[in-house]
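Student: Got a structure for you, questions after.
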Amino acid sequence: MIRKAFSSILLALLIVPALYAQGYKKPSKEILDILNAPVTPIPSISPAKDKIALLEPLRYPPIADLAEPMLRLGGLRINPNTTSDHRQFYFTGLVFKDIDSGKETRVALPAGAKIINPRWTTDGKYIAAGNIAPQGIELWIIDTATAKATKIKDIHVNTTIGDYRWMPDQRSLIVNLVRKDRGAAPQAPKVPTEPNIQEASGSKAAIRTFQDLLGSPTDERLFDYYTTSQLAVAGIDGKVTRIGKPAIFSENDVSPDGKYILTERVVRPYSYLFPYSYFPTEVEVWDRSGKMVYKVASTPLLDNLPVGGVTTKPRSFNWIPTEPATLIWAEALDGGDPRNKVTPRDKLVTIAAPFGGSPSELLKVEQRYSGSIFGEVPGMMWFYDYDRDRQHRRIYSVDYRNPGTPRLISDLNIRDRYNDIGSPVTTDLPNGQSVVLVKDGSVFMRGSGATPQGDRPFLNKMDLDSLEKTEIFRSGPDKYETFIDFSDDKALSFFTRRETETEPPNLIWNFRCPPGETCIALDSKQITDFKDPTPQLRGIKKQLVKYKRPDGVDLSFTLYLPPDYKEGTKLPTIVWAYPLEYTNAATAGQVTGSTNRFTSIGGYSHLFFVLKGYAVLDDATMPIVGDPLTVNDTFIEQLVASAKAAIDKGAEMGVVDPNRVGVGGHSYGAFMTAHLLAQSDLFKAGIARSGAYNRTLTPFGFQSERRSFWEAPEVYYKLSPFMAANKINEPMLMIHGEADNNSGTFPMQSERMFAAIQGNGGTARLVMLPLESHGYAARESIEHTLWEMFNWMDKYVKDAKEPVATK
């Protein structure tokens, strides 16, 4: 008996490595060929409109990049080797292209360069950029005329919070520097010297499930060590002037005249329940020597905010860009609580240099203030407010020099894309301040141009007096073209980005008629010549499909079919979706996206299934319609009805085999997938990536849910797929990054969901990706994720022999 038991244990030990130590897998060659296709540069047009910077990104970094040391502190992820963000998107090359001649000049970057955050001067003569070096983030200045890059010596940039930006003179930068005198990093004691203590004092607060929080006194010391930086001004001549004392700067904004710096410093006490953005702050105006000249606010720890609430202290600080040094900020009049039925909710306050008097009230804002933008003409200001109950955003215009009664420009549901007037086109003043472009009493509005046939981006001219709009440009019905920027001071020519279903995106120079002249047609010139990196995708068929839910709500999906698809053939199908909440059926039924976009596939996209012989119903709309407070009460019923309507429409078209349909989604789409497998018999299998499945672990709200678990326990229970794990009788593949940093989607969510399905006799597979976050970045992770997805759906959907299981 003992010998038999020992043999069983030995056999188990031999089997475990075979099951779990398999290494990273790769998908088939046809998929790898697309992943390995040449990377198209990212164009950035010079503010001088004379050249284009072609930035060459590293699309898929190696897993070794993610394996760099990482400290999780106060909601941040810090690489201690470089005192920077742990994961940063970077470029490995840079080429300047002259717009007139087309001549290209490559910038001589340091060997192994990893360029981040490139920023033009407003005259286009220089670009400042960081370079990720082994010992820290270097600051480089690139002369755009000579394509020569020069490093500012003896400094490293601290990019844990903030980094660098051009000063108003456009020949120097304000920089967060790594302190030279900080010494060695704090070390955790090998033997504990104190307990980790938290205390509640009786005040209520909505505590979201934040990630990467402080958890001990050692964490607090490490947070101080790595986020404390020295403010300095670094000139293109290499001269560095330090300003004031080191601190944890969450903001440093130089006044338009360059004489003052608005600083926001993070101070103690810290919290183990909230990220650093909730920590106490001191907001001050400094002069260029680092001396405080005005105290704006002392904000305490924001540990008692209601859901959707704001602080009662001054907030949303900004310089008015068209004034030398005038601050504007908001203050709550409703106690910061959106549940209080108070109007107006906010007021705007200003104070100007030399900051000797008291702040002056500019105006009151009826709903929650949500930002402002200023025009290049004196006094022009637009501000935005948000009505949480109606889910509406409004735009007002006012002359901040003599406010009077603000004028309403737009009042629109935040989900209403068909009636969106767009966003104002901006321009940079010589000092680098961004303002709304104004020509002859008009502004220019750019937008996505959503229509029932898909997006058709536009550029309109809107008269500031009458608010009448004149169309200047609109994308054609057979292409997708977006406005980028004007190319001349008179706004008579402009750049666009044009693509079609089969032609890759390229930049176009468009010329329009001067006022008073007659032109036959808009003239244009293509100024980039990016080639199709994946011609093998051109045979893919794509169309917008519209249909209705039984309750009358309009729905849609984009249908993708394989290159060799034969009409009338029913295919195994993938439904990929992400639920969204709406206040009414009219906005819920609006079409998003465009089938005229260039068909490209990359990363771990579900669209790769098209190349495996599947039909894909992409972005199948799953609207949840209802009152914002109670919309989730019918989440499951609306979700199942939407999914069934999509399958029925695909079957009606003769494309979808209803007995071979899989469903998938990422994040909230994973949550959706688990619900559909538990609450319906529509699908053969599912893929759930980076999801959350137990809503009692997010007890103070999720997505748009405002009620807490204790206010609506039945909703949290019903909307937890974990509670229905015993009903999931279809195979579910779960994939999750082991370092997921998204609020609410802790890796434990997938681990416990897998255990629940396994414990109830279900079929599931859990893939935990080392070092990956909410989205997956490393080449090895992407390749393996695709391999898992294909294998799962081929086994349980494509090759399925039995009808869909019945609950």
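As shown in the structure tokens, the chain order sets the letters A, B, ...; within each chain, residues go from 1, and ligands are also counted from 1 in the order they appear.
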Could you give me, as a list in words, the residues within 12 Å of Ser475 of chain A, counting only C-alpha atoms and dropping anything in the same chain fewer than 3 positions from it?

Tutor: Arg446, Gly447, Ser448, Gly449, Ala450, Thr451, Gly454, Asp455, Arg456, Pro457, Phe458, Leu459, Asn460, Glu471, Ile472, Asp478, Lys479, Tyr480, Glu481, Thr482, Phe483, Thr496, Arg497, Arg498, Glu499, Thr500, Ser594, Asn596 and Arg597 of chain A

Student: Which residues come within 12 Å of Gly74 of chain A, counting only C-alpha atoms, excluding same-chain residues fewer than 2 positions away, as a VMD selection string?

Tutor: chain A and resid 71 to 72 76 to 78 160 to 161 210 to 216 219 to 224 226 to 227 266 270 to 279 741

Student: Write out as a list in words the residues lying within 7 Å of Leu733 of chain A, counting only C-alpha atoms and excluding same-chain residues fewer than 6 positions away.

Tutor: Gly686, Ile687, Ala688, Ala764, Arg765 and Leu766 of chain A

Student: I'd like to know which of A:Ala739, A:Gly701, A:Thr569, A:Leu677 is closest to Phe722 of chain A, using only C-alpha atoms.

Tutor: A:Leu677

Student: Per residue of segment 591-689 of chain A within 8 Å of segment 30-42 of chain A, what are the shortest atom pair and its distance in Å to one decimal, counting only C-alpha atoms, with rows by chain and residue number, as CSV?

Tutor:
```
residue,atom,partner,partner_atom,distance
A:Ile601,CA,A:Ile34,CA,7.6
A:Gly602,CA,A:Leu35,CA,6.1
A:Gly603,CA,A:Leu35,CA,7.1
A:Phe608,CA,A:Ile31,CA,7.4
```

Student: To one decimal place in Å, what is the distance between atom CA of Ala670 of chain A and atom CA of Arg689 of chain A?

Tutor: 5.5 Å

Student: Which residues are close to segment 793-795 of chain A, i.e. within 8 Å by only C-alpha atoms, leaving aside same-chain residues fewer than 4 positions away? Reply as a ChimeraX atom specification.

Tutor: /A:662,685-686,789,799-800

Student: What are the nearest atom pairs, with distances in Å to one decimal, for all residues of segment 311-396 of chain A that come at most 10 Å from segment 628-638 of chain A, using only C-alpha atoms, set out by chain and rising residue number as JSON lines?

Tutor:
```
{"residue": "A:Arg388", "atom": "CA", "partner": "A:Pro628", "partner_atom": "CA", "distance": 8.4}
{"residue": "A:Asp389", "atom": "CA", "partner": "A:Pro628", "partner_atom": "CA", "distance": 7.0}
{"residue": "A:Arg390", "atom": "CA", "partner": "A:Pro628", "partner_atom": "CA", "distance": 8.1}
{"residue": "A:Gln391", "atom": "CA", "partner": "A:Pro628", "partner_atom": "CA", "distance": 7.9}
```

Student: Next, the residues of the selection above should be written as a PDB file, in the first residue's frame with C-alpha atoms.

Tutor:
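Final file, part39.pdb:
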```
ATOM      1  CA  ARG A 388     -24.525  63.711 -13.192  1.00  0.00           C
ATOM      2  CA  ASP A 389     -28.254  63.049 -12.898  1.00  0.00           C
ATOM      3  CA  ARG A 390     -28.978  63.775 -16.571  1.00  0.00           C
ATOM      4  CA  GLN A 391     -25.572  62.564 -17.813  1.00  0.00           C
TER       5      GLN A 391
END
```

Student: Pick out the closest residue to Pro134 of chain A from this set: A:Pro572, A:Pro80, A:Gly93, A:Pro424. Count only C-alpha atoms.

Tutor: A:Pro80

Student: Write down as a VMD selection string the residues belonging to segment 119-197 of chain A that are assigned strand (DSSP E or B) by DSSP computed on the backbone.

Tutor: chain A and resid 119 to 120 126 to 133 136 to 143 148 to 151 157 164 to 166 172 to 178

Student: Please produce an output containing N, CA, C and O atoms for each residue in the selection, written as a short mmCIF file (atom, residue, chain, number, x, y, z; two decimals), in the first residue's frame.

Tutor:
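Wrote it out as out-v8.cif, contents follow:
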```cif
data_model
loop_
_atom_site.label_atom_id
_atom_site.label_comp_id
_atom_site.auth_asym_id
_atom_site.auth_seq_id
_atom_site.Cartn_x
_atom_site.Cartn_y
_atom_site.Cartn_z
N ARG A 119 8.89 66.52 -27.25
CA ARG A 119 8.08 67.72 -27.18
C ARG A 119 8.73 68.84 -28.00
O ARG A 119 9.87 69.22 -27.76
N TRP A 120 7.96 69.38 -28.95
CA TRP A 120 8.42 70.46 -29.81
C TRP A 120 8.43 71.79 -29.06
O TRP A 120 7.60 72.03 -28.18
N TYR A 126 13.31 73.06 -32.00
CA TYR A 126 13.90 72.06 -31.12
C TYR A 126 12.84 71.06 -30.65
O TYR A 126 11.65 71.37 -30.58
N ILE A 127 13.34 69.87 -30.33
CA ILE A 127 12.53 68.86 -29.65
C ILE A 127 13.29 68.44 -28.40
O ILE A 127 14.49 68.15 -28.45
N ALA A 128 12.59 68.44 -27.28
CA ALA A 128 13.14 67.87 -26.05
C ALA A 128 12.62 66.44 -25.91
O ALA A 128 11.44 66.18 -26.18
N ALA A 129 13.49 65.53 -25.51
CA ALA A 129 13.08 64.13 -25.37
C ALA A 129 13.88 63.46 -24.27
O ALA A 129 15.05 63.80 -24.03
N GLY A 130 13.25 62.52 -23.61
CA GLY A 130 13.94 61.70 -22.63
C GLY A 130 14.52 60.47 -23.29
O GLY A 130 14.02 60.01 -24.33
N ASN A 131 15.56 59.92 -22.69
CA ASN A 131 16.14 58.67 -23.16
C ASN A 131 16.31 57.75 -21.96
O ASN A 131 16.95 58.11 -20.96
N ILE A 132 15.71 56.56 -22.04
CA ILE A 132 15.81 55.60 -20.94
C ILE A 132 17.18 54.93 -21.00
O ILE A 132 17.43 54.07 -21.85
N ALA A 133 18.06 55.36 -20.10
CA ALA A 133 19.40 54.78 -20.00
C ALA A 133 19.46 53.88 -18.76
O ALA A 133 18.59 53.96 -17.89
N GLY A 136 19.26 55.95 -15.52
CA GLY A 136 18.25 56.98 -15.33
C GLY A 136 17.77 57.55 -16.64
O GLY A 136 18.22 57.16 -17.73
N ILE A 137 16.85 58.51 -16.54
CA ILE A 137 16.27 59.14 -17.72
C ILE A 137 17.11 60.37 -18.10
O ILE A 137 17.17 61.34 -17.35
N GLU A 138 17.76 60.30 -19.24
CA GLU A 138 18.55 61.41 -19.73
C GLU A 138 17.65 62.42 -20.44
O GLU A 138 16.61 62.05 -20.98
N LEU A 139 18.08 63.68 -20.48
CA LEU A 139 17.36 64.72 -21.21
C LEU A 139 18.19 65.15 -22.41
O LEU A 139 19.34 65.58 -22.26
N TRP A 140 17.58 65.01 -23.58
CA TRP A 140 18.26 65.33 -24.83
C TRP A 140 17.53 66.47 -25.53
O TRP A 140 16.30 66.57 -25.48
N ILE A 141 18.30 67.31 -26.22
CA ILE A 141 17.76 68.39 -27.04
C ILE A 141 18.13 68.09 -28.49
O ILE A 141 19.30 67.90 -28.82
N ILE A 142 17.11 68.08 -29.36
CA ILE A 142 17.33 67.77 -30.77
C ILE A 142 17.11 69.03 -31.59
O ILE A 142 16.03 69.63 -31.55
N ASP A 143 18.14 69.45 -32.31
CA ASP A 143 18.06 70.59 -33.22
C ASP A 143 17.40 70.10 -34.51
O ASP A 143 17.97 69.26 -35.22
N LYS A 148 20.74 67.15 -35.10
CA LYS A 148 21.75 66.78 -34.12
C LYS A 148 21.12 66.71 -32.73
O LYS A 148 20.37 67.60 -32.33
N ALA A 149 21.43 65.64 -32.01
CA ALA A 149 20.91 65.45 -30.65
C ALA A 149 22.02 65.68 -29.64
O ALA A 149 23.12 65.13 -29.79
N THR A 150 21.73 66.48 -28.60
CA THR A 150 22.71 66.80 -27.58
C THR A 150 22.15 66.50 -26.21
O THR A 150 21.04 66.93 -25.87
N LYS A 151 22.93 65.78 -25.40
CA LYS A 151 22.49 65.45 -24.05
C LYS A 151 22.85 66.58 -23.09
O LYS A 151 23.94 67.13 -23.15
N VAL A 157 16.29 62.88 -15.17
CA VAL A 157 14.94 63.35 -14.96
C VAL A 157 14.17 62.34 -14.10
O VAL A 157 14.26 61.14 -14.31
N TYR A 164 9.19 67.00 -17.69
CA TYR A 164 9.76 68.25 -18.18
C TYR A 164 8.80 68.89 -19.16
O TYR A 164 7.97 68.22 -19.78
N ARG A 165 8.90 70.20 -19.30
CA ARG A 165 8.11 70.94 -20.30
C ARG A 165 8.85 72.24 -20.62
O ARG A 165 9.62 72.75 -19.81
N TRP A 166 8.58 72.76 -21.80
CA TRP A 166 9.26 73.98 -22.23
C TRP A 166 8.79 75.19 -21.43
O TRP A 166 7.61 75.34 -21.14
N SER A 172 14.41 76.92 -22.83
CA SER A 172 14.76 76.23 -21.59
C SER A 172 13.55 75.43 -21.13
O SER A 172 12.42 75.68 -21.58
N LEU A 173 13.80 74.48 -20.24
CA LEU A 173 12.74 73.60 -19.76
C LEU A 173 12.71 73.60 -18.24
O LEU A 173 13.75 73.70 -17.58
N ILE A 174 11.50 73.49 -17.69
CA ILE A 174 11.39 73.22 -16.26
C ILE A 174 11.35 71.71 -16.09
O ILE A 174 10.61 71.01 -16.79
N VAL A 175 12.20 71.20 -15.20
CA VAL A 175 12.46 69.76 -15.13
C VAL A 175 12.37 69.28 -13.68
O VAL A 175 12.81 69.98 -12.76
N ASN A 176 11.81 68.10 -13.49
CA ASN A 176 11.89 67.40 -12.22
C ASN A 176 13.15 66.54 -12.24
O ASN A 176 13.23 65.57 -13.00
N LEU A 177 14.13 66.91 -11.42
CA LEU A 177 15.40 66.19 -11.42
C LEU A 177 15.48 65.17 -10.29
O LEU A 177 14.91 65.37 -9.21
N VAL A 178 16.21 64.11 -10.54
CA VAL A 178 16.59 63.18 -9.47
C VAL A 178 17.61 63.89 -8.59
O VAL A 178 18.59 64.46 -9.09
#
```

Student: From the list A:Arg339, A:Glu251, A:Pro27, A:Gln526, which residue is nearest His784 of chain A when using only C-alpha atoms?

Tutor: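 Among A:Arg339, A:Glu251, A:Pro27, A:Gln526, it is A:Pro27 that comes nearest to His784 of chain A.
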
Student: I'd like the contact shell of segment 198-208 of chain A - 9 Å cut-off, only C-alpha atoms, skipping same-chain residues fewer than 2 positions apart - returned as a ChimeraX atom specification.

Tutor: /A:196,210,271-274,302-307,698-702,708,743-744

Student: Can I get the selected residues back with all heavy atoms, as a compact mmCIF listing (two decimals), in the first residue's frame?

Tutor:
```txt
# COMPACT_ATOMS: atom_id res chain seq x y z
N ASN A 196 2.16 47.47 11.15
CA ASN A 196 1.55 48.31 10.13
C ASN A 196 0.13 48.63 10.60
O ASN A 196 -0.70 47.73 10.74
CB ASN A 196 1.52 47.59 8.79
CG ASN A 196 2.92 47.19 8.34
OD1 ASN A 196 3.87 47.93 8.57
ND2 ASN A 196 3.04 46.02 7.72
N PHE A 210 -8.33 50.36 -5.10
CA PHE A 210 -7.13 50.83 -5.76
C PHE A 210 -6.02 49.79 -5.64
O PHE A 210 -5.96 49.00 -4.71
CB PHE A 210 -6.66 52.15 -5.14
CG PHE A 210 -7.65 53.28 -5.29
CD1 PHE A 210 -8.32 53.79 -4.20
CD2 PHE A 210 -7.89 53.83 -6.54
CE1 PHE A 210 -9.21 54.83 -4.32
CE2 PHE A 210 -8.80 54.88 -6.68
CZ PHE A 210 -9.45 55.38 -5.57
N SER A 271 -1.77 57.66 3.17
CA SER A 271 -2.84 56.69 3.40
C SER A 271 -2.45 55.34 2.82
O SER A 271 -1.75 55.27 1.81
CB SER A 271 -4.14 57.18 2.75
OG SER A 271 -5.13 56.17 2.75
N TYR A 272 -2.92 54.27 3.46
CA TYR A 272 -2.73 52.92 2.95
C TYR A 272 -3.96 52.44 2.17
O TYR A 272 -4.00 51.30 1.71
CB TYR A 272 -2.45 51.94 4.09
CG TYR A 272 -1.12 52.14 4.79
CD1 TYR A 272 -0.25 53.18 4.44
CD2 TYR A 272 -0.72 51.28 5.80
CE1 TYR A 272 0.96 53.36 5.09
CE2 TYR A 272 0.49 51.45 6.47
CZ TYR A 272 1.32 52.50 6.11
OH TYR A 272 2.53 52.68 6.75
N LEU A 273 -4.96 53.31 2.03
CA LEU A 273 -6.20 52.95 1.32
C LEU A 273 -6.39 53.71 0.02
O LEU A 273 -7.26 53.36 -0.78
CB LEU A 273 -7.41 53.22 2.23
CG LEU A 273 -7.54 52.37 3.49
CD1 LEU A 273 -8.73 52.84 4.31
CD2 LEU A 273 -7.68 50.90 3.14
N PHE A 274 -5.59 54.77 -0.19
CA PHE A 274 -5.75 55.61 -1.38
C PHE A 274 -4.41 55.85 -2.04
O PHE A 274 -3.36 55.84 -1.39
CB PHE A 274 -6.36 56.97 -0.97
CG PHE A 274 -7.75 56.87 -0.40
CD1 PHE A 274 -7.94 56.71 0.96
CD2 PHE A 274 -8.85 56.94 -1.23
CE1 PHE A 274 -9.22 56.63 1.49
CE2 PHE A 274 -10.14 56.86 -0.71
CZ PHE A 274 -10.32 56.70 0.65
N LEU A 302 -7.79 63.23 1.12
CA LEU A 302 -9.14 63.12 0.56
C LEU A 302 -9.69 61.72 0.82
O LEU A 302 -9.94 60.94 -0.10
CB LEU A 302 -9.11 63.43 -0.94
CG LEU A 302 -8.56 64.81 -1.32
CD1 LEU A 302 -8.53 64.98 -2.83
CD2 LEU A 302 -9.38 65.91 -0.67
N ASP A 303 -9.89 61.42 2.08
CA ASP A 303 -10.34 60.08 2.46
C ASP A 303 -11.81 60.02 2.84
O ASP A 303 -12.27 59.01 3.37
CB ASP A 303 -9.49 59.55 3.62
CG ASP A 303 -9.60 60.42 4.86
OD1 ASP A 303 -10.16 61.53 4.78
OD2 ASP A 303 -9.11 60.00 5.92
N ASN A 304 -12.54 61.09 2.58
CA ASN A 304 -13.96 61.10 2.94
C ASN A 304 -14.84 61.58 1.80
O ASN A 304 -15.92 62.13 2.02
CB ASN A 304 -14.19 61.97 4.18
CG ASN A 304 -13.76 63.42 3.96
OD1 ASN A 304 -13.17 63.73 2.93
ND2 ASN A 304 -14.07 64.28 4.91
N LEU A 305 -14.38 61.38 0.56
CA LEU A 305 -15.17 61.83 -0.58
C LEU A 305 -16.28 60.83 -0.89
O LEU A 305 -16.06 59.62 -0.90
CB LEU A 305 -14.28 61.98 -1.83
CG LEU A 305 -13.18 63.04 -1.78
CD1 LEU A 305 -12.45 63.06 -3.11
CD2 LEU A 305 -13.74 64.41 -1.47
N PRO A 306 -17.49 61.32 -1.20
CA PRO A 306 -18.54 60.41 -1.67
C PRO A 306 -18.25 59.99 -3.11
O PRO A 306 -17.37 60.56 -3.77
CB PRO A 306 -19.80 61.29 -1.59
CG PRO A 306 -19.29 62.69 -1.76
CD PRO A 306 -17.94 62.71 -1.09
N VAL A 307 -18.98 59.00 -3.60
CA VAL A 307 -18.80 58.57 -4.99
C VAL A 307 -19.09 59.74 -5.92
O VAL A 307 -20.15 60.36 -5.84
CB VAL A 307 -19.73 57.39 -5.32
CG1 VAL A 307 -19.63 57.04 -6.80
CG2 VAL A 307 -19.38 56.18 -4.46
N THR A 698 -15.60 44.70 -4.83
CA THR A 698 -15.56 46.12 -5.23
C THR A 698 -16.79 46.79 -4.61
O THR A 698 -17.68 47.26 -5.33
CB THR A 698 -15.57 46.27 -6.76
OG1 THR A 698 -16.72 45.60 -7.31
CG2 THR A 698 -14.32 45.66 -7.37
N PRO A 699 -16.87 46.83 -3.28
CA PRO A 699 -18.14 47.14 -2.60
C PRO A 699 -18.59 48.59 -2.68
O PRO A 699 -19.73 48.89 -2.33
CB PRO A 699 -17.86 46.74 -1.16
CG PRO A 699 -16.39 46.92 -0.99
CD PRO A 699 -15.80 46.51 -2.31
N PHE A 700 -17.72 49.50 -3.14
CA PHE A 700 -18.13 50.90 -3.20
C PHE A 700 -18.40 51.36 -4.64
O PHE A 700 -18.32 52.54 -4.95
CB PHE A 700 -17.07 51.79 -2.55
CG PHE A 700 -17.03 51.66 -1.06
CD1 PHE A 700 -16.10 50.85 -0.45
CD2 PHE A 700 -17.94 52.34 -0.27
CE1 PHE A 700 -16.06 50.72 0.93
CE2 PHE A 700 -17.91 52.22 1.12
CZ PHE A 700 -16.98 51.41 1.72
N GLY A 701 -18.76 50.42 -5.49
CA GLY A 701 -19.13 50.77 -6.86
C GLY A 701 -18.22 50.14 -7.89
O GLY A 701 -17.09 49.74 -7.61
N PHE A 702 -18.73 50.04 -9.12
CA PHE A 702 -17.97 49.52 -10.25
C PHE A 702 -18.60 50.10 -11.51
O PHE A 702 -19.80 50.36 -11.55
CB PHE A 702 -18.00 47.98 -10.29
CG PHE A 702 -19.38 47.40 -10.28
CD1 PHE A 702 -20.05 47.13 -11.47
CD2 PHE A 702 -20.04 47.13 -9.09
CE1 PHE A 702 -21.32 46.58 -11.47
CE2 PHE A 702 -21.31 46.58 -9.08
CZ PHE A 702 -21.96 46.31 -10.27
N SER A 708 -23.46 51.47 -3.05
CA SER A 708 -22.50 50.56 -2.43
C SER A 708 -23.14 49.19 -2.23
O SER A 708 -24.36 49.02 -2.37
CB SER A 708 -22.05 51.12 -1.07
OG SER A 708 -23.07 50.98 -0.10
N SER A 743 -8.08 49.37 -11.31
CA SER A 743 -8.92 49.35 -10.12
C SER A 743 -10.03 48.32 -10.27
O SER A 743 -10.82 48.37 -11.20
CB SER A 743 -9.53 50.74 -9.89
OG SER A 743 -10.38 50.74 -8.78
N GLY A 744 -10.10 47.38 -9.34
CA GLY A 744 -11.18 46.40 -9.34
C GLY A 744 -10.84 45.06 -9.95
O GLY A 744 -11.49 44.06 -9.62
```

Student: Quote the spacing between atom CA of Leu333 of chain A and atom CA of Gly309 of chain A in Å to one decimal place.

Tutor: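 Between atom CA of Leu333 of chain A and atom CA of Gly309 of chain A the gap is 12.0 Å.
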
Student: Could you give me the residues within segment 39-242 of chain A that DSSP places in helix (DSSP H, G or I), as a ChimeraX atom specification?

Tutor: /A:63-66,217-227

Student: Could you tell me which of A:Pro246, A:Pro189, A:Gly654, A:Pro321 comes closest to Gly432 of chain A if we count only C-alpha atoms?

Tutor: A:Pro321

Student: Which is closest to Pro623 of chain A among A:Arg171, A:Lys548, A:His736, A:Lys26, if we use only C-alpha atoms?

Tutor: A:Lys548
